[in-house]
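A.B. asks: To be precise about what I am sending: the file is called input-v2.txt and holds compact mmCIF, C-alpha atoms.
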# COMPACT_ATOMS: atom_id res chain seq x y z
CA MET Z 150 18.78 -10.14 3.70
CA LYS Z 151 16.23 -12.87 4.28
CA LYS Z 152 16.43 -12.44 8.04
CA PHE Z 153 15.98 -8.69 7.64
CA VAL Z 154 12.78 -9.10 5.63
CA TYR Z 155 11.33 -11.54 8.15
CA VAL Z 156 11.99 -9.03 10.93
CA LEU Z 157 10.55 -6.22 8.83
CA ALA Z 158 7.43 -8.23 8.07
CA ALA Z 159 6.89 -8.96 11.75
CA ALA Z 160 7.29 -5.28 12.58
CA MET Z 161 4.78 -4.34 9.91
CA VAL Z 162 2.17 -6.76 11.21
CA PHE Z 163 2.61 -5.31 14.70
CA ALA Z 164 2.26 -1.81 13.27
CA SER Z 165 -0.90 -2.78 11.43
CA LEU Z 166 -2.48 -4.19 14.57
CA ALA Z 167 -1.79 -0.88 16.26
CA GLY Z 168 -3.15 1.29 13.49
CA CYS Z 169 -5.99 -0.53 11.74
CA GLY Z 170 -8.61 -1.10 14.39
CA ASP Z 171 -10.80 1.70 13.06
CA LYS Z 172 -11.05 2.25 9.32
CA SER Z 173 -11.74 5.93 9.81
CA ASN Z 174 -8.61 6.45 11.95
CA SER Z 175 -6.55 9.14 10.24
CA SER Z 176 -3.15 8.21 11.64
CA ASP Z 177 -1.14 5.18 12.68
CA THR Z 178 2.29 4.29 13.98
CA THR Z 179 4.70 1.92 12.28
CA ALA Z 180 8.30 0.90 12.89
CA ALA Z 181 9.32 3.51 10.32
CA GLU Z 182 6.87 6.24 11.33
CA THR Z 183 6.38 8.34 14.45
CA SER Z 184 3.09 10.10 15.17
CA ASP Z 185 3.10 13.31 17.20
CA ALA Z 186 0.97 12.55 20.26
CA ALA Z 187 0.27 16.26 20.65
CA ASN Z 188 -1.18 16.39 17.13
CA PRO Z 189 -3.36 13.29 16.74
CA GLY Z 190 -4.79 14.63 13.47
CA VAL Z 191 -1.40 14.50 11.75
CA ILE Z 192 -1.19 11.71 9.18
CA THR Z 193 2.23 10.16 8.73
CA TYR Z 194 3.45 7.81 6.00
CA GLY Z 195 6.23 5.28 5.64
CA THR Z 196 7.37 2.52 3.32
CA THR Z 197 5.03 0.16 5.17
CA ASP Z 198 2.17 2.05 3.49
CA PHE Z 199 3.10 0.05 0.38
CA ALA Z 200 2.44 -3.36 1.93
CA LEU Z 201 -0.57 -5.69 2.02
CA TYR Z 202 -1.69 -8.16 4.68
CA THR Z 203 -4.29 -10.88 5.00
CA THR Z 204 -7.29 -10.28 7.27
CA ASP Z 205 -8.88 -12.35 9.99
CA ASP Z 206 -12.62 -12.95 10.52
CA ASP Z 207 -12.96 -9.46 12.00
CA LEU Z 208 -11.24 -7.78 9.03
CA GLN Z 209 -8.16 -7.07 11.13
CA PRO Z 210 -4.61 -7.54 9.77
CA SER Z 211 -3.22 -11.02 10.15
CA LYS Z 212 -0.25 -12.08 7.96
CA PHE Z 213 2.20 -10.15 5.79
CA LEU Z 214 1.68 -10.71 2.04
CA CYS Z 215 3.83 -8.40 -0.03
CA MET Z 216 5.52 -5.00 -0.15
CA LEU Z 217 7.25 -2.67 -2.57
CA GLY Z 218 11.03 -2.49 -2.47
CA VAL Z 219 11.84 -5.94 -1.07
CA ASP Z 220 13.60 -8.83 -2.78
CA PRO Z 221 10.83 -11.24 -3.82
CA SER Z 222 13.04 -14.25 -3.12
CA THR Z 223 13.09 -13.36 0.58
CA ILE Z 224 9.30 -13.59 1.00
CA SER Z 225 8.26 -16.98 2.35
CA TYR Z 226 4.67 -17.98 3.18
CA THR Z 227 4.64 -20.34 6.14
CA ASP Z 228 0.99 -19.60 6.89
CA ASP Z 229 -1.52 -21.55 4.76
CA ASN Z 230 -3.91 -18.63 4.39
CA ALA Z 231 -1.15 -16.22 3.39
CA LYS Z 232 0.14 -18.75 0.87
CA TYR Z 233 -3.36 -19.11 -0.57
CA MET Z 234 -3.91 -15.35 -0.73
CA SER Z 235 -0.54 -14.79 -2.42
CA GLN Z 236 -1.99 -16.48 -5.51
CA PHE Z 237 -4.14 -13.39 -6.05
CA LEU Z 238 -1.23 -10.94 -6.11
CA GLU Z 239 0.24 -9.58 -9.32
CA THR Z 240 3.84 -8.36 -8.98
CA ASP Z 241 6.67 -7.09 -11.14
CA THR Z 242 10.32 -6.59 -10.26
CA MET Z 243 13.30 -4.56 -11.39
CA THR Z 244 17.05 -4.62 -10.85
CA VAL Z 245 18.27 -1.70 -8.74
CA ARG Z 246 21.86 -0.54 -8.33
CA GLU Z 247 22.43 1.35 -5.12
CA GLY Z 248 25.10 2.20 -2.60
CA ASP Z 249 26.36 -0.59 -0.36
CA LYS Z 250 25.89 0.70 3.20
CA GLU Z 251 28.27 -1.91 4.58
CA ASN Z 252 30.98 -0.97 2.08
CA PRO Z 253 31.05 2.81 1.51
CA GLY Z 254 31.98 3.76 -2.05
CA GLU Z 255 30.82 0.43 -3.40
CA THR Z 256 27.53 -0.38 -5.15
CA LEU Z 257 25.45 -3.51 -5.35
CA GLU Z 258 22.56 -4.77 -7.45
CA THR Z 259 19.36 -6.01 -5.89
CA GLU Z 260 16.11 -7.34 -7.29
CA GLN Z 261 13.18 -5.38 -5.86
CA ILE Z 262 9.41 -5.56 -6.18
CA ARG Z 263 8.27 -2.46 -8.08
CA TYR Z 264 4.58 -3.26 -8.60
CA VAL Z 265 1.95 -5.00 -6.47
CA ALA Z 266 -1.75 -5.42 -7.24
CA TYR Z 267 -4.44 -7.51 -5.58
CA THR Z 268 -6.56 -9.14 -8.30
CA GLY Z 269 -9.24 -10.22 -5.86
CA SER Z 270 -10.90 -13.16 -4.17
CA ARG Z 271 -13.63 -13.79 -1.59
CA ASP Z 272 -11.16 -12.83 1.17
CA ALA Z 273 -10.10 -9.27 1.82
CA VAL Z 274 -6.62 -7.80 2.14
CA ILE Z 275 -5.75 -4.73 4.22
CA ASN Z 276 -3.08 -2.04 4.32
CA VAL Z 277 -1.63 -0.12 7.28
CA LYS Z 278 -4.20 2.66 6.96
CA GLY Z 279 -6.98 0.11 7.48
CA ILE Z 280 -8.24 0.10 3.89
CA THR Z 281 -9.68 -3.28 2.91
CA THR Z 282 -10.68 -4.75 -0.45
CA THR Z 283 -11.69 -8.05 -2.02
CA GLY Z 284 -10.35 -6.75 -5.32
CA LEU Z 285 -11.80 -6.48 -8.79
CA ASP Z 286 -13.26 -9.97 -9.03
CA THR Z 287 -16.23 -9.44 -6.72
CA ASP Z 288 -19.09 -6.95 -6.47
CA ASP Z 289 -19.59 -7.57 -2.76
CA ASN Z 290 -19.01 -4.36 -0.81
CA ASP Z 291 -19.22 -5.88 2.68
CA LYS Z 292 -15.47 -6.44 3.01
CA CYS Z 293 -14.42 -3.35 1.06
CA SER Z 294 -13.68 0.05 2.57
CA SER Z 295 -15.77 2.97 1.37
CA VAL Z 296 -14.39 5.90 -0.61
CA ASP Z 297 -14.94 8.03 2.50
CA ASP Z 298 -12.64 5.68 4.43
CA VAL Z 299 -9.87 6.39 1.91
CA ILE Z 300 -10.46 10.15 1.98
CA LYS Z 301 -10.28 10.22 5.79
CA ALA Z 302 -7.34 7.82 6.11
CA TYR Z 303 -5.15 9.84 3.74
CA GLY Z 304 -6.45 13.33 4.54
CA ILE Z 305 -7.53 14.03 0.97
CA ASP Z 306 -8.80 17.56 0.40
CA THR Z 307 -11.55 16.77 -2.11
CA GLU Z 308 -12.11 20.44 -2.95
CA ASN Z 309 -8.55 21.64 -3.46
CA GLU Z 310 -6.49 18.72 -4.71
CA GLU Z 311 -6.48 16.46 -7.73
CA TYR Z 312 -6.84 12.81 -6.79
CA ILE Z 313 -9.15 11.14 -9.34
CA GLU Z 314 -8.06 9.51 -12.61
CA ASN Z 315 -9.57 7.08 -15.12
CA GLU Z 316 -13.11 8.16 -14.37
CA GLU Z 317 -15.80 6.27 -16.28
CA THR Z 318 -18.96 8.35 -16.34
CA SER Z 319 -21.07 5.49 -17.70
CA THR Z 320 -20.35 3.21 -14.74
CA GLY Z 321 -19.41 5.72 -12.07
CA SER Z 322 -16.13 3.91 -11.38
CA TYR Z 323 -12.81 5.71 -11.08
CA THR Z 324 -9.35 5.45 -9.55
CA ILE Z 325 -7.95 7.42 -6.65
CA ARG Z 326 -4.24 7.98 -7.18
CA LEU Z 327 -1.94 9.17 -4.40
CA ASN Z 328 1.73 10.02 -5.02
CA PHE Z 329 4.56 9.86 -2.49
CA SER Z 330 8.16 11.01 -2.21
CA ALA Z 331 11.23 8.82 -1.90
CA ALA Z 332 11.85 7.41 1.58
CA LYS Z 333 14.06 9.16 4.10
CA ASP Z 334 16.67 7.32 6.15
CA ASP Z 335 14.07 6.55 8.84
CA GLY Z 336 11.70 5.00 6.27
CA SER Z 337 9.20 7.87 6.32
CA VAL Z 338 7.74 9.26 3.10
CA GLU Z 339 5.64 12.33 2.30
CA ARG Z 340 2.44 12.44 0.30
CA ILE Z 341 2.76 14.72 -2.73
CA VAL Z 342 -0.40 16.79 -3.13
CA THR Z 343 -1.37 17.81 -6.66
CA PRO Z 344 -3.46 21.03 -6.68
CA ALA Z 345 -6.93 20.80 -8.22
CA GLY Z 346 -6.69 20.92 -11.99
CA GLY Z 347 -3.12 19.62 -11.98
CA ASP Z 348 -1.72 16.53 -13.66
CA LEU Z 349 -1.37 13.54 -11.32
CA GLY Z 350 0.98 11.89 -13.79
CA SER Z 351 3.46 14.76 -13.71
CA SER Z 352 4.48 14.03 -10.12
CA ASN Z 353 8.15 13.26 -9.58
CA GLY Z 354 7.32 10.97 -6.68
CA LYS Z 355 8.90 7.57 -6.20
CA TYR Z 356 5.78 5.76 -5.02
CA SER Z 357 2.09 5.79 -5.85
CA ILE Z 358 -1.03 4.04 -4.61
CA ARG Z 359 -4.14 3.46 -6.72
CA PHE Z 360 -7.52 2.58 -5.25
CA VAL Z 361 -10.12 1.39 -7.76
CA ILE Z 362 -13.49 2.78 -6.69
CA ARG Z 363 -16.65 1.00 -7.78
CA ASN Z 364 -20.08 1.41 -6.18
CA ASP Z 365 -18.42 3.91 -3.80
CA HIS Z 366 -16.18 1.17 -2.39
CA VAL Z 367 -12.58 0.05 -2.88
CA HIS Z 368 -12.44 -2.78 -5.41
CA GLY Z 369 -8.72 -2.88 -5.98
CA ILE Z 370 -5.44 -1.68 -4.47
CA SER Z 371 -2.19 -1.41 -6.40
CA TYR Z 372 1.24 0.00 -5.56
CA TYR Z 373 3.92 1.36 -7.92
CA MET Z 374 7.57 2.27 -7.41
CA ASN Z 375 9.55 4.40 -9.84
CA TYR Z 376 13.33 4.45 -9.86
Can you dump the structure from the file as C-alpha cells?
C.D. replies:
Amino acid sequence: MKKFVYVLAAAMVFASLAGCGDKSNSSDTTAAETSDAANPGVITYGTTDFALYTTDDDLQPSKFLCMLGVDPSTISYTDDNAKYMSQFLETDTMTVREGDKENPGETLETEQIRYVAYTGSRDAVINVKGITTTGLDTDDNDKCSSVDDVIKAYGIDTENEEYIENEETSTGSYTIRLNFSAAKDDGSVERIVTPAGGDLGSSNGKYSIRFVIRNDHVHGISYYMNY
C-alpha cells in the first residue's frame, strides 16, 4: 500500500504540472482523467481533485501534501518544505470496509482520510485545477486565486446553479461548495450540479470541495468524503 501511494503521489504532481500553469485554464489531465482533445472546453474531474500540493516561488505545484481516500500512515514527507506545510493541514479519518480486489468475495478494513482543510500560513497551497490559497490566517490576496478563477476552473454557471453557502452579508464572505459523485473504476468523478434555488446539502455525492471566499479571493480550501 505504501508503495502504491508514493507512485500515486508522483503521478499527481506530474498531473498538476501539466494542468496548473494557468489559473484560468478550464481543464487539465491527470493519471485518472482523460481530456477530449477535440473538446478543449470540457472540464474533467478525478480523485486527484481532492489533493493539495505545496507551491514553488512561481506559485506552481511542487510537492504532494495530502489527499482524500488514502491511508494517512502511508504519507511520508521527505521534503522539508512539505513537512513544514503539513503542520497547517487539518485532517480526519474513518475506517472503511470494502471489497478486497485481490481476493474476490472477501472484504478488508482500511483507514482513510475523509476530511482535509488547509488552516493557512504565509505559503500557498494549490490543487490540480490551479486554485491557490494561503488559507484563513492571512488577509493577503497576492497568493490566493480569485473567485473568478474558481468559477472558470470548475465551469460554474453562476446564473443557473446553486453554489454559495454560509454567506455573511455583513462581511461579504461566503463559501463555494461543489459536490461530486463517487469515483468510477478509472478514478474519474462527476460534478453534481444543484439547480438554482436547490439545497446543496441534499446532494447524495460522495465528495465535496469548499472554497472560503473573502475579499473576492480564496482564503481556505477543504475537502470532504462521505461513505
A.B. asks: Select, from Z:Val274, Z:Cys293, Z:Leu257, Z:Val342, the residue with the minimum atom-to-atom distance to Z:Glu310, counting all atoms listed in the file.
C.D. replies: Z:Val342
A.B. asks: Of the candidates Z:Gly321, Z:Gly354, Z:Gly347, Z:Gly279, which shows the shortest atom-to-atom distance to Z:Lys301, using only C-alpha atoms?
C.D. replies: Z:Gly279
A.B. asks: Could you check which of Z:Ser357, Z:Thr268, Z:Met216, Z:Lys278 is closest to Z:Phe329, using all atoms listed in the file?
C.D. replies: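 Of Z:Ser357, Z:Thr268, Z:Met216, Z:Lys278, the one nearest Z:Phe329, counting all atoms listed in the file, is Z:Ser357.
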A.B. asks: With all atoms listed in the file as the basis for distance, which of Z:Thr256, Z:Ser294, Z:Asn309, Z:Thr223 is at the shortest distance from Z:Phe360?
C.D. replies: Z:Ser294
A.B. asks: Go ahead and find all residues with at least one atom no further than 7 Å from (-9.2, 0.5, 1.9) in the file's coordinates, using all atoms listed in the file; report them as a PyMOL selection string.
C.D. replies: chain Z and resi 275+279-282+293-294+298-299+367
A.B. asks: Can you tell me, as a PyMOL selection string, what residues are no more than 9 Å from Z:Ile313 when counting all atoms listed in the file, ignoring any on the same chain fewer than 4 positions away?
C.D. replies: chain Z and resi 323-327+349
A.B. asks: For the residues selected in the previous step, produce a file with C-alpha atoms as an mmCIF file, in the coordinates of the input.
C.D. replies:
data_model
loop_
_atom_site.group_PDB
_atom_site.id
_atom_site.type_symbol
_atom_site.label_atom_id
_atom_site.label_comp_id
_atom_site.auth_asym_id
_atom_site.auth_seq_id
_atom_site.Cartn_x
_atom_site.Cartn_y
_atom_site.Cartn_z
ATOM 1 C CA TYR Z 323 -12.810 5.710 -11.080
ATOM 2 C CA THR Z 324 -9.350 5.450 -9.550
ATOM 3 C CA ILE Z 325 -7.950 7.420 -6.650
ATOM 4 C CA ARG Z 326 -4.240 7.980 -7.180
ATOM 5 C CA LEU Z 327 -1.940 9.170 -4.400
ATOM 6 C CA LEU Z 349 -1.370 13.540 -11.320
#
A.B. asks: From the list Z:Tyr267, Z:Tyr376, Z:Tyr233, Z:Tyr226, which residue is nearest Z:Ala200 when using all atoms listed in the file?
C.D. replies: Z:Tyr267
A.B. asks: For the atom pair atom CA of Z:Phe237 and atom CA of Z:Gln209, what is the interatomic distance in Å to one decimal place?
C.D. replies: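 Atom-to-atom, atom CA of Z:Phe237 and atom CA of Z:Gln209 are spaced 18.7 Å apart.
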A.B. asks: With all atoms listed in the file as the counted atoms, please give the residues lying no more than 10 Å from Z:Ile300, apart from itself and same-chain residues fewer than 4 positions off, as a PDB file with C-alpha atoms, in the coordinates of the input.
C.D. replies:
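What landed in out_10.pdb:
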ATOM      1  CA  SER Z 173     -11.740   5.930   9.810  1.00  0.00           C
ATOM      2  CA  SER Z 175      -6.550   9.140  10.240  1.00  0.00           C
ATOM      3  CA  SER Z 295     -15.770   2.970   1.370  1.00  0.00           C
ATOM      4  CA  VAL Z 296     -14.390   5.900  -0.610  1.00  0.00           C
ATOM      5  CA  GLY Z 304      -6.450  13.330   4.540  1.00  0.00           C
ATOM      6  CA  ILE Z 305      -7.530  14.030   0.970  1.00  0.00           C
ATOM      7  CA  ASP Z 306      -8.800  17.560   0.400  1.00  0.00           C
ATOM      8  CA  THR Z 307     -11.550  16.770  -2.110  1.00  0.00           C
ATOM      9  CA  TYR Z 312      -6.840  12.810  -6.790  1.00  0.00           C
ATOM     10  CA  ILE Z 325      -7.950   7.420  -6.650  1.00  0.00           C
TER      11      ILE Z 325
END
A.B. asks: Please compute the atom CA of Z:Tyr202-atom CA of Z:Asp297 distance, one decimal, in Å.
C.D. replies: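 Atom CA of Z:Asp297 lies at a distance of 21.0 Å from atom CA of Z:Tyr202.
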A.B. asks: Just need the box for stretch 278-289 of chain Z, edges along x, y and z, holding every atom the file lists for it with 4 Å tacked onto each side, so centre and edge lengths in Å to one decimal, as JSON.
C.D. replies:
{"center_x": -11.9, "center_y": -3.7, "center_z": -0.8, "size_x": 23.4, "size_y": 20.6, "size_z": 24.5}
A.B. asks: List the neighbours of Z:Ser352 out to 8 Å using only C-alpha atoms; skip same-chain residues closer than 6 positions along the sequence, and give me the result as a ChimeraX atom specification.
C.D. replies: /Z:328,341,343
A.B. asks: Measuring between all atoms listed in the file, which one of Z:Glu316, Z:Asp291, Z:Asp335, Z:Asp348 shows the shortest distance to Z:Leu208?
C.D. replies: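 Residue with the minimum atom-to-atom distance to Z:Leu208: Z:Asp291.
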A.B. asks: For a cut-off of 7 Å around (1.5, 3.1, 4.9), file coordinates, pick out all residues using only C-alpha atoms and list them as a PDB file with C-alpha atoms, keeping the file's coordinate frame.
C.D. replies:
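The resulting file, result01.pdb, is shown below:
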ATOM      1  CA  TYR Z 194       3.450   7.810   6.000  1.00  0.00           C
ATOM      2  CA  GLY Z 195       6.230   5.280   5.640  1.00  0.00           C
ATOM      3  CA  THR Z 196       7.370   2.520   3.320  1.00  0.00           C
ATOM      4  CA  THR Z 197       5.030   0.160   5.170  1.00  0.00           C
ATOM      5  CA  ASP Z 198       2.170   2.050   3.490  1.00  0.00           C
ATOM      6  CA  PHE Z 199       3.100   0.050   0.380  1.00  0.00           C
ATOM      7  CA  ASN Z 276      -3.080  -2.040   4.320  1.00  0.00           C
ATOM      8  CA  VAL Z 277      -1.630  -0.120   7.280  1.00  0.00           C
ATOM      9  CA  LYS Z 278      -4.200   2.660   6.960  1.00  0.00           C
TER      10      LYS Z 278
END
A.B. asks: State, in Å with one decimal place, the distance from atom CA of Z:Gly248 to atom CA of Z:Ala266.
C.D. replies: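 These two atoms are separated by 28.3 Å.
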A.B. asks: With the input short on atoms, add all heavy atoms back to stretch 283-294 of chain Z and write it as a CSV table (one decimal), keeping the file's coordinate frame.
C.D. replies:
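File result.csv, as written:
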chain,number,residue,atom,x,y,z
Z,283,THR,N,-11.7,-6.7,-1.5
Z,283,THR,CA,-11.7,-8.0,-2.0
Z,283,THR,C,-11.3,-8.0,-3.5
Z,283,THR,O,-11.4,-9.0,-4.2
Z,283,THR,CB,-13.1,-8.7,-1.9
Z,283,THR,OG1,-14.1,-7.8,-2.4
Z,283,THR,CG2,-13.4,-9.0,-0.4
Z,284,GLY,N,-10.9,-6.8,-4.0
Z,284,GLY,CA,-10.4,-6.8,-5.3
Z,284,GLY,C,-11.4,-6.5,-6.4
Z,284,GLY,O,-12.6,-6.2,-6.1
Z,285,LEU,N,-11.0,-6.8,-7.6
Z,285,LEU,CA,-11.8,-6.5,-8.8
Z,285,LEU,C,-12.7,-7.6,-9.1
Z,285,LEU,O,-13.7,-7.4,-9.9
Z,285,LEU,CB,-10.9,-6.2,-10.0
Z,285,LEU,CG,-10.0,-4.9,-9.9
Z,285,LEU,CD1,-9.0,-4.9,-11.1
Z,285,LEU,CD2,-10.9,-3.7,-10.0
Z,286,ASP,N,-12.5,-8.8,-8.6
Z,286,ASP,CA,-13.3,-10.0,-9.0
Z,286,ASP,C,-14.6,-10.2,-8.4
Z,286,ASP,O,-15.4,-11.1,-8.7
Z,286,ASP,CB,-12.4,-11.2,-8.8
Z,286,ASP,CG,-11.2,-11.3,-9.8
Z,286,ASP,OD1,-11.2,-10.5,-10.7
Z,286,ASP,OD2,-10.3,-12.1,-9.5
Z,287,THR,N,-14.9,-9.3,-7.4
Z,287,THR,CA,-16.2,-9.4,-6.7
Z,287,THR,C,-17.0,-8.1,-6.7
Z,287,THR,O,-16.3,-7.0,-6.7
Z,287,THR,CB,-16.0,-9.9,-5.3
Z,287,THR,OG1,-15.4,-8.9,-4.5
Z,287,THR,CG2,-15.2,-11.2,-5.2
Z,288,ASP,N,-18.3,-8.2,-6.6
Z,288,ASP,CA,-19.1,-7.0,-6.5
Z,288,ASP,C,-19.6,-6.7,-5.0
Z,288,ASP,O,-20.3,-5.8,-4.8
Z,288,ASP,CB,-20.3,-7.0,-7.4
Z,288,ASP,CG,-19.9,-6.9,-8.9
Z,288,ASP,OD1,-19.0,-6.1,-9.2
Z,288,ASP,OD2,-20.5,-7.6,-9.7
Z,289,ASP,N,-19.2,-7.6,-4.2
Z,289,ASP,CA,-19.6,-7.6,-2.8
Z,289,ASP,C,-18.9,-6.4,-2.1
Z,289,ASP,O,-17.6,-6.4,-2.1
Z,289,ASP,CB,-19.3,-8.9,-2.1
Z,289,ASP,CG,-19.8,-8.9,-0.6
Z,289,ASP,OD1,-20.5,-8.0,-0.2
Z,289,ASP,OD2,-19.6,-9.9,0.0
Z,290,ASN,N,-19.6,-5.5,-1.5
Z,290,ASN,CA,-19.0,-4.4,-0.8
Z,290,ASN,C,-18.8,-4.6,0.7
Z,290,ASN,O,-18.1,-3.8,1.3
Z,290,ASN,CB,-19.9,-3.1,-0.9
Z,290,ASN,CG,-20.1,-2.6,-2.4
Z,290,ASN,OD1,-19.1,-2.8,-3.2
Z,290,ASN,ND2,-21.2,-2.1,-2.7
Z,291,ASP,N,-19.3,-5.7,1.2
Z,291,ASP,CA,-19.2,-5.9,2.7
Z,291,ASP,C,-17.8,-5.8,3.3
Z,291,ASP,O,-17.6,-5.4,4.4
Z,291,ASP,CB,-19.9,-7.2,3.1
Z,291,ASP,CG,-21.4,-7.2,2.8
Z,291,ASP,OD1,-21.9,-6.0,2.7
Z,291,ASP,OD2,-22.0,-8.2,2.8
Z,292,LYS,N,-16.8,-6.4,2.5
Z,292,LYS,CA,-15.5,-6.4,3.0
Z,292,LYS,C,-14.6,-5.4,2.4
Z,292,LYS,O,-13.4,-5.4,2.5
Z,292,LYS,CB,-14.9,-7.8,2.7
Z,292,LYS,CG,-15.6,-9.0,3.5
Z,292,LYS,CD,-15.0,-10.3,3.1
Z,292,LYS,CE,-15.7,-11.4,3.9
Z,292,LYS,NZ,-15.1,-12.7,3.6
Z,293,CYS,N,-15.2,-4.4,1.7
Z,293,CYS,CA,-14.4,-3.4,1.1
Z,293,CYS,C,-14.6,-2.0,1.7
Z,293,CYS,O,-15.8,-1.6,2.0
Z,293,CYS,CB,-14.8,-3.2,-0.4
Z,293,CYS,SG,-14.5,-4.7,-1.4
Z,294,SER,N,-13.6,-1.3,2.0
Z,294,SER,CA,-13.7,0.0,2.6
Z,294,SER,C,-14.4,1.0,1.6
Z,294,SER,O,-14.4,0.8,0.4
Z,294,SER,CB,-12.3,0.6,2.8
Z,294,SER,OG,-11.6,-0.1,3.8
